[in-house]
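Chemist: mmCIF, all heavy atoms, saved as coords-v3.cif, coming up:
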data_upload
loop_
_atom_site.label_atom_id
_atom_site.label_comp_id
_atom_site.auth_asym_id
_atom_site.auth_seq_id
_atom_site.Cartn_x
_atom_site.Cartn_y
_atom_site.Cartn_z
N MET A 8 -21.84 9.73 -4.01
CA MET A 8 -22.96 10.58 -3.70
C MET A 8 -22.51 12.03 -3.55
O MET A 8 -23.26 12.94 -3.91
CB MET A 8 -23.66 10.11 -2.44
CG MET A 8 -24.44 8.81 -2.63
SD MET A 8 -25.20 8.15 -1.12
CE MET A 8 -26.30 9.44 -0.69
N THR A 9 -21.34 12.21 -2.98
CA THR A 9 -20.84 13.57 -2.80
C THR A 9 -20.59 14.24 -4.14
O THR A 9 -20.92 15.41 -4.34
CB THR A 9 -19.55 13.56 -1.97
OG1 THR A 9 -19.80 12.92 -0.73
CG2 THR A 9 -19.05 14.95 -1.70
N VAL A 10 -20.04 13.50 -5.09
CA VAL A 10 -19.74 14.05 -6.41
C VAL A 10 -21.03 14.37 -7.16
O VAL A 10 -21.13 15.38 -7.84
CB VAL A 10 -18.86 13.06 -7.21
CG1 VAL A 10 -18.66 13.53 -8.63
CG2 VAL A 10 -17.53 12.87 -6.51
N ALA A 11 -22.04 13.52 -7.01
CA ALA A 11 -23.30 13.70 -7.73
C ALA A 11 -24.23 14.70 -7.05
O ALA A 11 -25.26 15.04 -7.60
CB ALA A 11 -24.02 12.37 -7.86
N ALA A 12 -23.88 15.19 -5.88
CA ALA A 12 -24.74 16.12 -5.15
C ALA A 12 -24.89 17.43 -5.91
O ALA A 12 -23.99 17.85 -6.64
CB ALA A 12 -24.17 16.39 -3.76
N ASN A 13 -26.02 18.05 -5.72
CA ASN A 13 -26.29 19.33 -6.37
C ASN A 13 -25.74 20.44 -5.48
O ASN A 13 -26.48 21.09 -4.75
CB ASN A 13 -27.79 19.49 -6.60
CG ASN A 13 -28.11 20.71 -7.44
OD1 ASN A 13 -27.23 21.26 -8.09
ND2 ASN A 13 -29.37 21.11 -7.42
N ALA A 14 -24.44 20.64 -5.52
CA ALA A 14 -23.79 21.65 -4.68
C ALA A 14 -22.62 22.25 -5.45
O ALA A 14 -22.20 21.73 -6.49
CB ALA A 14 -23.29 21.02 -3.39
N GLN A 15 -22.09 23.33 -4.91
CA GLN A 15 -20.93 23.97 -5.54
C GLN A 15 -19.71 23.07 -5.40
O GLN A 15 -19.63 22.23 -4.50
CB GLN A 15 -20.66 25.32 -4.89
CG GLN A 15 -21.75 26.34 -5.12
CD GLN A 15 -21.43 27.65 -4.42
OE1 GLN A 15 -20.46 27.74 -3.67
NE2 GLN A 15 -22.24 28.66 -4.68
N GLU A 16 -18.76 23.28 -6.29
CA GLU A 16 -17.54 22.46 -6.28
C GLU A 16 -16.77 22.60 -4.96
O GLU A 16 -16.27 21.62 -4.42
CB GLU A 16 -16.65 22.87 -7.45
CG GLU A 16 -15.58 21.87 -7.78
CD GLU A 16 -16.13 20.56 -8.31
OE1 GLU A 16 -17.22 20.55 -8.91
OE2 GLU A 16 -15.45 19.53 -8.12
N SER A 17 -16.72 23.81 -4.42
CA SER A 17 -15.99 24.01 -3.16
C SER A 17 -16.68 23.26 -2.01
O SER A 17 -16.01 22.72 -1.13
CB SER A 17 -15.90 25.50 -2.83
OG SER A 17 -17.20 26.06 -2.71
N THR A 18 -18.00 23.18 -2.02
CA THR A 18 -18.73 22.44 -1.00
C THR A 18 -18.44 20.95 -1.11
O THR A 18 -18.27 20.26 -0.10
CB THR A 18 -20.24 22.71 -1.13
OG1 THR A 18 -20.47 24.11 -1.06
CG2 THR A 18 -21.01 22.02 -0.03
N LYS A 19 -18.38 20.46 -2.33
CA LYS A 19 -18.07 19.04 -2.54
C LYS A 19 -16.68 18.71 -2.01
O LYS A 19 -16.46 17.67 -1.39
CB LYS A 19 -18.17 18.69 -4.02
CG LYS A 19 -19.59 18.71 -4.54
CD LYS A 19 -19.61 18.36 -6.03
CE LYS A 19 -20.98 18.50 -6.61
NZ LYS A 19 -21.02 18.16 -8.04
N TRP A 20 -15.71 19.60 -2.27
CA TRP A 20 -14.36 19.37 -1.77
C TRP A 20 -14.32 19.40 -0.25
O TRP A 20 -13.63 18.60 0.38
CB TRP A 20 -13.39 20.42 -2.33
CG TRP A 20 -12.91 20.09 -3.70
CD1 TRP A 20 -13.36 20.60 -4.87
CD2 TRP A 20 -11.91 19.13 -4.03
NE1 TRP A 20 -12.69 20.02 -5.93
CE2 TRP A 20 -11.79 19.13 -5.45
CE3 TRP A 20 -11.10 18.29 -3.28
CZ2 TRP A 20 -10.89 18.29 -6.11
CZ3 TRP A 20 -10.20 17.47 -3.95
CH2 TRP A 20 -10.11 17.48 -5.34
N LEU A 21 -15.07 20.29 0.36
CA LEU A 21 -15.11 20.38 1.82
C LEU A 21 -15.71 19.12 2.43
O LEU A 21 -15.19 18.58 3.42
CB LEU A 21 -15.91 21.62 2.24
CG LEU A 21 -15.94 21.94 3.73
CD1 LEU A 21 -14.54 22.25 4.22
CD2 LEU A 21 -16.85 23.11 3.98
N VAL A 22 -16.80 18.64 1.85
CA VAL A 22 -17.42 17.41 2.33
C VAL A 22 -16.47 16.23 2.14
O VAL A 22 -16.32 15.38 3.03
CB VAL A 22 -18.77 17.17 1.62
CG1 VAL A 22 -19.31 15.78 1.94
CG2 VAL A 22 -19.78 18.23 2.03
N GLY A 23 -15.81 16.17 1.00
CA GLY A 23 -14.84 15.10 0.75
C GLY A 23 -13.69 15.12 1.73
O GLY A 23 -13.25 14.07 2.23
N ALA A 24 -13.19 16.31 2.02
CA ALA A 24 -12.11 16.43 3.00
C ALA A 24 -12.57 15.99 4.39
O ALA A 24 -11.84 15.32 5.12
CB ALA A 24 -11.60 17.87 3.04
N GLY A 25 -13.80 16.34 4.74
CA GLY A 25 -14.35 15.91 6.03
C GLY A 25 -14.48 14.41 6.12
O GLY A 25 -14.17 13.80 7.15
N LEU A 26 -14.92 13.79 5.03
CA LEU A 26 -15.04 12.33 5.01
C LEU A 26 -13.67 11.66 5.13
O LEU A 26 -13.52 10.66 5.82
CB LEU A 26 -15.74 11.88 3.73
CG LEU A 26 -17.24 12.20 3.64
CD1 LEU A 26 -17.76 11.87 2.25
CD2 LEU A 26 -18.01 11.43 4.69
N CYS A 27 -12.68 12.22 4.46
CA CYS A 27 -11.33 11.67 4.55
C CYS A 27 -10.76 11.80 5.96
O CYS A 27 -10.13 10.87 6.48
CB CYS A 27 -10.40 12.36 3.55
SG CYS A 27 -10.74 11.90 1.85
N LEU A 28 -10.99 12.95 6.59
CA LEU A 28 -10.53 13.13 7.96
C LEU A 28 -11.24 12.18 8.92
O LEU A 28 -10.61 11.62 9.84
CB LEU A 28 -10.74 14.58 8.41
CG LEU A 28 -9.78 15.60 7.81
CD1 LEU A 28 -10.20 17.02 8.21
CD2 LEU A 28 -8.36 15.32 8.27
N ALA A 29 -12.52 11.98 8.73
CA ALA A 29 -13.26 11.04 9.58
C ALA A 29 -12.74 9.62 9.40
O ALA A 29 -12.57 8.89 10.39
CB ALA A 29 -14.75 11.12 9.26
N ALA A 30 -12.47 9.22 8.16
CA ALA A 30 -11.94 7.89 7.91
C ALA A 30 -10.55 7.72 8.54
O ALA A 30 -10.24 6.67 9.12
CB ALA A 30 -11.87 7.62 6.41
N ALA A 31 -9.73 8.74 8.46
CA ALA A 31 -8.40 8.68 9.08
C ALA A 31 -8.51 8.59 10.60
O ALA A 31 -7.75 7.85 11.24
CB ALA A 31 -7.58 9.90 8.67
N ALA A 32 -9.44 9.32 11.19
CA ALA A 32 -9.63 9.28 12.64
C ALA A 32 -10.08 7.89 13.09
O ALA A 32 -9.60 7.37 14.10
CB ALA A 32 -10.63 10.34 13.08
N VAL A 33 -10.99 7.28 12.34
CA VAL A 33 -11.46 5.93 12.69
C VAL A 33 -10.31 4.93 12.57
O VAL A 33 -10.12 4.07 13.43
CB VAL A 33 -12.65 5.52 11.80
CG1 VAL A 33 -12.98 4.05 11.94
CG2 VAL A 33 -13.87 6.37 12.15
N GLY A 34 -9.53 5.04 11.51
CA GLY A 34 -8.38 4.15 11.35
C GLY A 34 -7.35 4.32 12.45
O GLY A 34 -6.82 3.34 12.97
N PHE A 35 -7.08 5.56 12.82
CA PHE A 35 -6.13 5.84 13.90
C PHE A 35 -6.62 5.26 15.22
O PHE A 35 -5.87 4.62 15.95
CB PHE A 35 -5.93 7.35 14.01
CG PHE A 35 -4.95 7.77 15.06
CD1 PHE A 35 -3.61 7.52 14.91
CD2 PHE A 35 -5.39 8.42 16.21
CE1 PHE A 35 -2.69 7.91 15.88
CE2 PHE A 35 -4.48 8.81 17.18
CZ PHE A 35 -3.13 8.55 17.02
N TYR A 36 -7.91 5.44 15.51
CA TYR A 36 -8.48 4.89 16.73
C TYR A 36 -8.41 3.36 16.73
O TYR A 36 -8.10 2.74 17.75
CB TYR A 36 -9.93 5.34 16.91
CG TYR A 36 -10.59 4.71 18.10
CD1 TYR A 36 -10.33 5.18 19.38
CD2 TYR A 36 -11.47 3.65 17.96
CE1 TYR A 36 -10.92 4.60 20.49
CE2 TYR A 36 -12.06 3.06 19.05
CZ TYR A 36 -11.79 3.54 20.31
OH TYR A 36 -12.37 2.95 21.40
N ALA A 37 -8.69 2.74 15.58
CA ALA A 37 -8.64 1.29 15.49
C ALA A 37 -7.24 0.76 15.77
O ALA A 37 -7.07 -0.22 16.50
CB ALA A 37 -9.11 0.83 14.12
N VAL A 38 -6.23 1.43 15.23
CA VAL A 38 -4.84 1.00 15.47
C VAL A 38 -4.51 1.15 16.96
O VAL A 38 -3.92 0.25 17.56
CB VAL A 38 -3.87 1.80 14.59
CG1 VAL A 38 -2.43 1.59 15.01
CG2 VAL A 38 -4.06 1.43 13.13
N LEU A 39 -4.88 2.27 17.56
CA LEU A 39 -4.60 2.46 18.99
C LEU A 39 -5.32 1.44 19.84
O LEU A 39 -4.77 0.91 20.81
CB LEU A 39 -5.00 3.87 19.42
CG LEU A 39 -4.13 5.01 18.92
CD1 LEU A 39 -4.67 6.34 19.45
CD2 LEU A 39 -2.69 4.82 19.36
N PHE A 40 -6.56 1.13 19.49
CA PHE A 40 -7.34 0.16 20.26
C PHE A 40 -6.71 -1.22 20.20
O PHE A 40 -6.54 -1.88 21.22
CB PHE A 40 -8.78 0.12 19.73
CG PHE A 40 -9.64 -0.89 20.43
CD1 PHE A 40 -10.19 -0.60 21.66
CD2 PHE A 40 -9.89 -2.12 19.85
CE1 PHE A 40 -10.97 -1.53 22.31
CE2 PHE A 40 -10.67 -3.06 20.50
CZ PHE A 40 -11.21 -2.77 21.73
N VAL A 41 -6.33 -1.65 19.01
CA VAL A 41 -5.74 -2.98 18.86
C VAL A 41 -4.40 -3.05 19.57
O VAL A 41 -4.10 -4.02 20.28
CB VAL A 41 -5.60 -3.35 17.36
CG1 VAL A 41 -4.75 -4.60 17.17
CG2 VAL A 41 -6.97 -3.54 16.75
N ARG A 42 -3.58 -2.02 19.41
CA ARG A 42 -2.27 -2.02 20.10
C ARG A 42 -2.44 -2.02 21.61
O ARG A 42 -1.71 -2.70 22.33
CB ARG A 42 -1.45 -0.81 19.66
CG ARG A 42 -0.98 -0.93 18.21
CD ARG A 42 -0.07 0.17 17.83
NE ARG A 42 1.16 0.00 18.60
CZ ARG A 42 2.17 0.85 18.59
NH1 ARG A 42 2.11 1.91 17.82
NH2 ARG A 42 3.23 0.65 19.31
N GLY A 43 -3.41 -1.26 22.12
CA GLY A 43 -3.66 -1.23 23.56
C GLY A 43 -4.16 -2.57 24.07
O GLY A 43 -3.77 -3.03 25.15
N THR A 44 -5.02 -3.20 23.30
CA THR A 44 -5.54 -4.52 23.70
C THR A 44 -4.44 -5.55 23.72
O THR A 44 -4.34 -6.35 24.66
CB THR A 44 -6.65 -4.96 22.73
OG1 THR A 44 -7.68 -3.97 22.73
CG2 THR A 44 -7.24 -6.29 23.13
N LEU A 45 -3.58 -5.54 22.72
CA LEU A 45 -2.47 -6.49 22.69
C LEU A 45 -1.48 -6.22 23.82
O LEU A 45 -0.96 -7.16 24.43
CB LEU A 45 -1.76 -6.42 21.34
CG LEU A 45 -2.55 -6.95 20.15
CD1 LEU A 45 -1.79 -6.72 18.86
CD2 LEU A 45 -2.88 -8.41 20.33
N ALA A 46 -1.23 -4.96 24.12
CA ALA A 46 -0.32 -4.64 25.22
C ALA A 46 -0.89 -5.08 26.55
O ALA A 46 -0.17 -5.59 27.40
CB ALA A 46 -0.04 -3.13 25.23
N ALA A 47 -2.19 -4.90 26.75
CA ALA A 47 -2.82 -5.31 28.00
C ALA A 47 -2.78 -6.83 28.14
O ALA A 47 -2.56 -7.35 29.24
CB ALA A 47 -4.25 -4.80 28.06
N ALA A 48 -2.99 -7.54 27.05
CA ALA A 48 -2.94 -8.99 27.10
C ALA A 48 -1.53 -9.49 27.39
O ALA A 48 -1.34 -10.46 28.11
CB ALA A 48 -3.44 -9.58 25.78
N THR A 49 -0.54 -8.80 26.88
CA THR A 49 0.85 -9.18 27.13
C THR A 49 1.24 -8.87 28.56
O THR A 49 1.96 -9.64 29.19
CB THR A 49 1.78 -8.42 26.16
OG1 THR A 49 1.37 -8.70 24.83
CG2 THR A 49 3.22 -8.85 26.35
N ASP A 50 0.75 -7.75 29.11
CA ASP A 50 1.09 -7.37 30.48
C ASP A 50 0.50 -8.32 31.52
O ASP A 50 1.05 -8.46 32.60
CB ASP A 50 0.60 -5.95 30.77
CG ASP A 50 1.39 -4.90 30.02
OD1 ASP A 50 2.49 -5.23 29.53
OD2 ASP A 50 0.91 -3.77 29.91
N LEU A 51 -0.60 -8.98 31.19
CA LEU A 51 -1.22 -9.89 32.16
C LEU A 51 -0.34 -11.09 32.42
O LEU A 51 -0.27 -11.58 33.54
CB LEU A 51 -2.59 -10.34 31.65
CG LEU A 51 -3.67 -9.26 31.64
CD1 LEU A 51 -4.94 -9.83 31.04
CD2 LEU A 51 -3.93 -8.73 33.02
N GLY A 52 0.30 -11.60 31.42
CA GLY A 52 1.22 -12.71 31.59
C GLY A 52 0.50 -14.02 31.90
O GLY A 52 -0.71 -14.16 31.75
N ALA A 53 1.27 -15.00 32.38
CA ALA A 53 0.75 -16.34 32.60
C ALA A 53 -0.09 -16.44 33.86
O ALA A 53 -0.83 -17.40 34.04
CB ALA A 53 1.90 -17.33 32.67
N GLY A 54 -0.02 -15.48 34.75
CA GLY A 54 -0.75 -15.57 36.01
C GLY A 54 -2.08 -14.86 36.01
O GLY A 54 -2.63 -14.56 37.06
N SER A 55 -2.66 -14.61 34.86
CA SER A 55 -3.92 -13.88 34.80
C SER A 55 -5.09 -14.77 35.19
O SER A 55 -4.99 -15.99 35.18
CB SER A 55 -4.15 -13.31 33.40
OG SER A 55 -4.39 -14.37 32.50
N GLN A 56 -6.22 -14.16 35.52
CA GLN A 56 -7.42 -14.90 35.89
C GLN A 56 -7.92 -15.76 34.73
O GLN A 56 -8.51 -16.80 34.94
CB GLN A 56 -8.52 -13.94 36.33
CG GLN A 56 -8.28 -13.30 37.69
CD GLN A 56 -8.40 -14.31 38.83
OE1 GLN A 56 -9.13 -15.28 38.73
NE2 GLN A 56 -7.66 -14.06 39.87
N ALA A 57 -7.67 -15.33 33.52
CA ALA A 57 -8.13 -16.09 32.36
C ALA A 57 -7.43 -17.43 32.27
O ALA A 57 -7.99 -18.40 31.76
CB ALA A 57 -7.88 -15.29 31.09
N ASP A 58 -6.22 -17.53 32.80
CA ASP A 58 -5.47 -18.77 32.73
C ASP A 58 -5.84 -19.75 33.82
O ASP A 58 -5.61 -20.94 33.71
CB ASP A 58 -3.96 -18.49 32.82
CG ASP A 58 -3.46 -17.75 31.59
OD1 ASP A 58 -4.10 -17.84 30.54
OD2 ASP A 58 -2.43 -17.06 31.71
N THR A 59 -6.42 -19.27 34.92
CA THR A 59 -6.67 -20.15 36.06
C THR A 59 -8.01 -20.86 35.98
O THR A 59 -8.20 -21.87 36.64
CB THR A 59 -6.63 -19.35 37.38
OG1 THR A 59 -7.68 -18.38 37.35
CG2 THR A 59 -5.29 -18.67 37.56
N GLY A 60 -8.95 -20.34 35.23
CA GLY A 60 -10.26 -20.95 35.15
C GLY A 60 -11.12 -20.69 36.37
O GLY A 60 -12.17 -21.29 36.56
N THR A 61 -10.68 -19.78 37.25
CA THR A 61 -11.44 -19.45 38.45
C THR A 61 -11.98 -18.03 38.33
O THR A 61 -11.39 -17.19 37.67
CB THR A 61 -10.56 -19.53 39.71
OG1 THR A 61 -9.47 -18.62 39.54
CG2 THR A 61 -10.02 -20.94 39.90
N PRO A 62 -13.12 -17.78 38.98
CA PRO A 62 -13.68 -16.42 38.91
C PRO A 62 -12.84 -15.46 39.74
O PRO A 62 -12.08 -15.87 40.62
CB PRO A 62 -15.08 -16.58 39.50
CG PRO A 62 -14.99 -17.79 40.37
CD PRO A 62 -13.97 -18.69 39.73
N PRO A 63 -12.95 -14.16 39.46
CA PRO A 63 -12.24 -13.18 40.26
C PRO A 63 -12.68 -13.23 41.72
O PRO A 63 -13.76 -13.71 42.03
CB PRO A 63 -12.62 -11.84 39.63
CG PRO A 63 -13.16 -12.17 38.30
CD PRO A 63 -13.69 -13.56 38.38
N GLU A 64 -11.85 -12.73 42.59
CA GLU A 64 -12.15 -12.74 44.01
C GLU A 64 -13.44 -11.98 44.29
O GLU A 64 -13.68 -10.90 43.79
CB GLU A 64 -11.00 -12.06 44.78
CG GLU A 64 -11.11 -12.19 46.27
CD GLU A 64 -9.92 -11.60 46.98
OE1 GLU A 64 -8.81 -11.67 46.42
OE2 GLU A 64 -10.09 -11.06 48.07
N GLY A 65 -14.32 -12.58 45.10
CA GLY A 65 -15.57 -11.95 45.46
C GLY A 65 -16.70 -12.26 44.49
O GLY A 65 -17.80 -11.76 44.63
N ALA A 66 -16.45 -13.09 43.50
CA ALA A 66 -17.50 -13.44 42.53
C ALA A 66 -17.60 -14.95 42.45
O ALA A 66 -16.69 -15.67 42.82
CB ALA A 66 -17.15 -12.88 41.15
N SER A 67 -18.74 -15.39 42.02
CA SER A 67 -18.91 -16.83 41.81
C SER A 67 -19.28 -17.07 40.36
O SER A 67 -19.77 -16.17 39.69
CB SER A 67 -19.99 -17.38 42.74
OG SER A 67 -21.27 -16.93 42.33
N PRO A 68 -19.10 -18.27 39.88
CA PRO A 68 -19.40 -18.53 38.46
C PRO A 68 -20.88 -18.42 38.13
O PRO A 68 -21.25 -18.32 36.97
CB PRO A 68 -18.89 -19.95 38.22
CG PRO A 68 -18.37 -20.45 39.49
CD PRO A 68 -18.49 -19.40 40.52
N THR A 69 -21.76 -18.45 39.12
CA THR A 69 -23.19 -18.42 38.85
C THR A 69 -23.80 -17.03 38.93
O THR A 69 -24.92 -16.83 38.53
CB THR A 69 -23.94 -19.33 39.84
OG1 THR A 69 -23.66 -18.89 41.17
CG2 THR A 69 -23.51 -20.78 39.67
N THR A 70 -23.05 -16.03 39.45
CA THR A 70 -23.60 -14.68 39.53
C THR A 70 -23.24 -13.88 38.30
O THR A 70 -22.16 -14.01 37.75
CB THR A 70 -23.06 -13.95 40.79
OG1 THR A 70 -21.64 -13.90 40.69
CG2 THR A 70 -23.49 -14.64 42.06
N ALA A 71 -24.17 -13.05 37.88
CA ALA A 71 -23.93 -12.19 36.71
C ALA A 71 -23.12 -10.98 37.16
O ALA A 71 -23.26 -10.48 38.28
CB ALA A 71 -25.25 -11.75 36.10
N ALA A 72 -22.29 -10.49 36.28
CA ALA A 72 -21.50 -9.31 36.58
C ALA A 72 -22.42 -8.08 36.62
O ALA A 72 -23.31 -7.93 35.80
CB ALA A 72 -20.42 -9.11 35.53
N ALA A 73 -22.20 -7.22 37.61
CA ALA A 73 -23.00 -5.99 37.72
C ALA A 73 -22.49 -4.98 36.71
O ALA A 73 -21.32 -4.69 36.63
CB ALA A 73 -22.89 -5.43 39.13
N LEU A 74 -23.40 -4.48 35.89
CA LEU A 74 -23.01 -3.48 34.88
C LEU A 74 -23.40 -2.12 35.32
O LEU A 74 -24.36 -1.73 35.70
CB LEU A 74 -23.63 -3.81 33.53
CG LEU A 74 -23.12 -5.11 32.93
CD1 LEU A 74 -23.86 -5.39 31.63
CD2 LEU A 74 -21.65 -5.06 32.66
#
Just give me the structure of the file as structure tokens.
Modeler:
Amino acid sequence: MTVAANAQESTKWLVGAGLCLAAAAVGFYAVLFVRGTLAAATDLGAGSQADTGTPPEGASPTTAAAL
């Protein structure tokens, strides 16, 4: 769509460069998010609440989490 747009060549290049930068930023964020999630899961270790099957302290299995 950018190539077929009725605009000057320099405008098309600018829009294309912006799209490439946006795609790179999304990819960079995705890599950081996945690495952070994996690191957090590794840091929890075997003693995490997810392994015990019990709710966190002060909560019960029947109450909804407050958002």
Chemist: How far is it from atom CA of A:Ala24 to atom CA of A:Thr9, in Å with one decimal?
Modeler: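 Atom-to-atom, atom CA of A:Ala24 and atom CA of A:Thr9 are spaced 10.9 Å apart.
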Chemist: Mind giving me the straight-line distance from atom CA of A:Gln15 to atom CA of A:Val33 in Å, one decimal?
Modeler: 27.3 Å
Chemist: What's the separation between atom N of A:Leu39 and atom O of A:Cys27, in Å to one decimal place?
Modeler: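 Spanning atom N of A:Leu39 to atom O of A:Cys27 is a straight-line distance of 15.0 Å.
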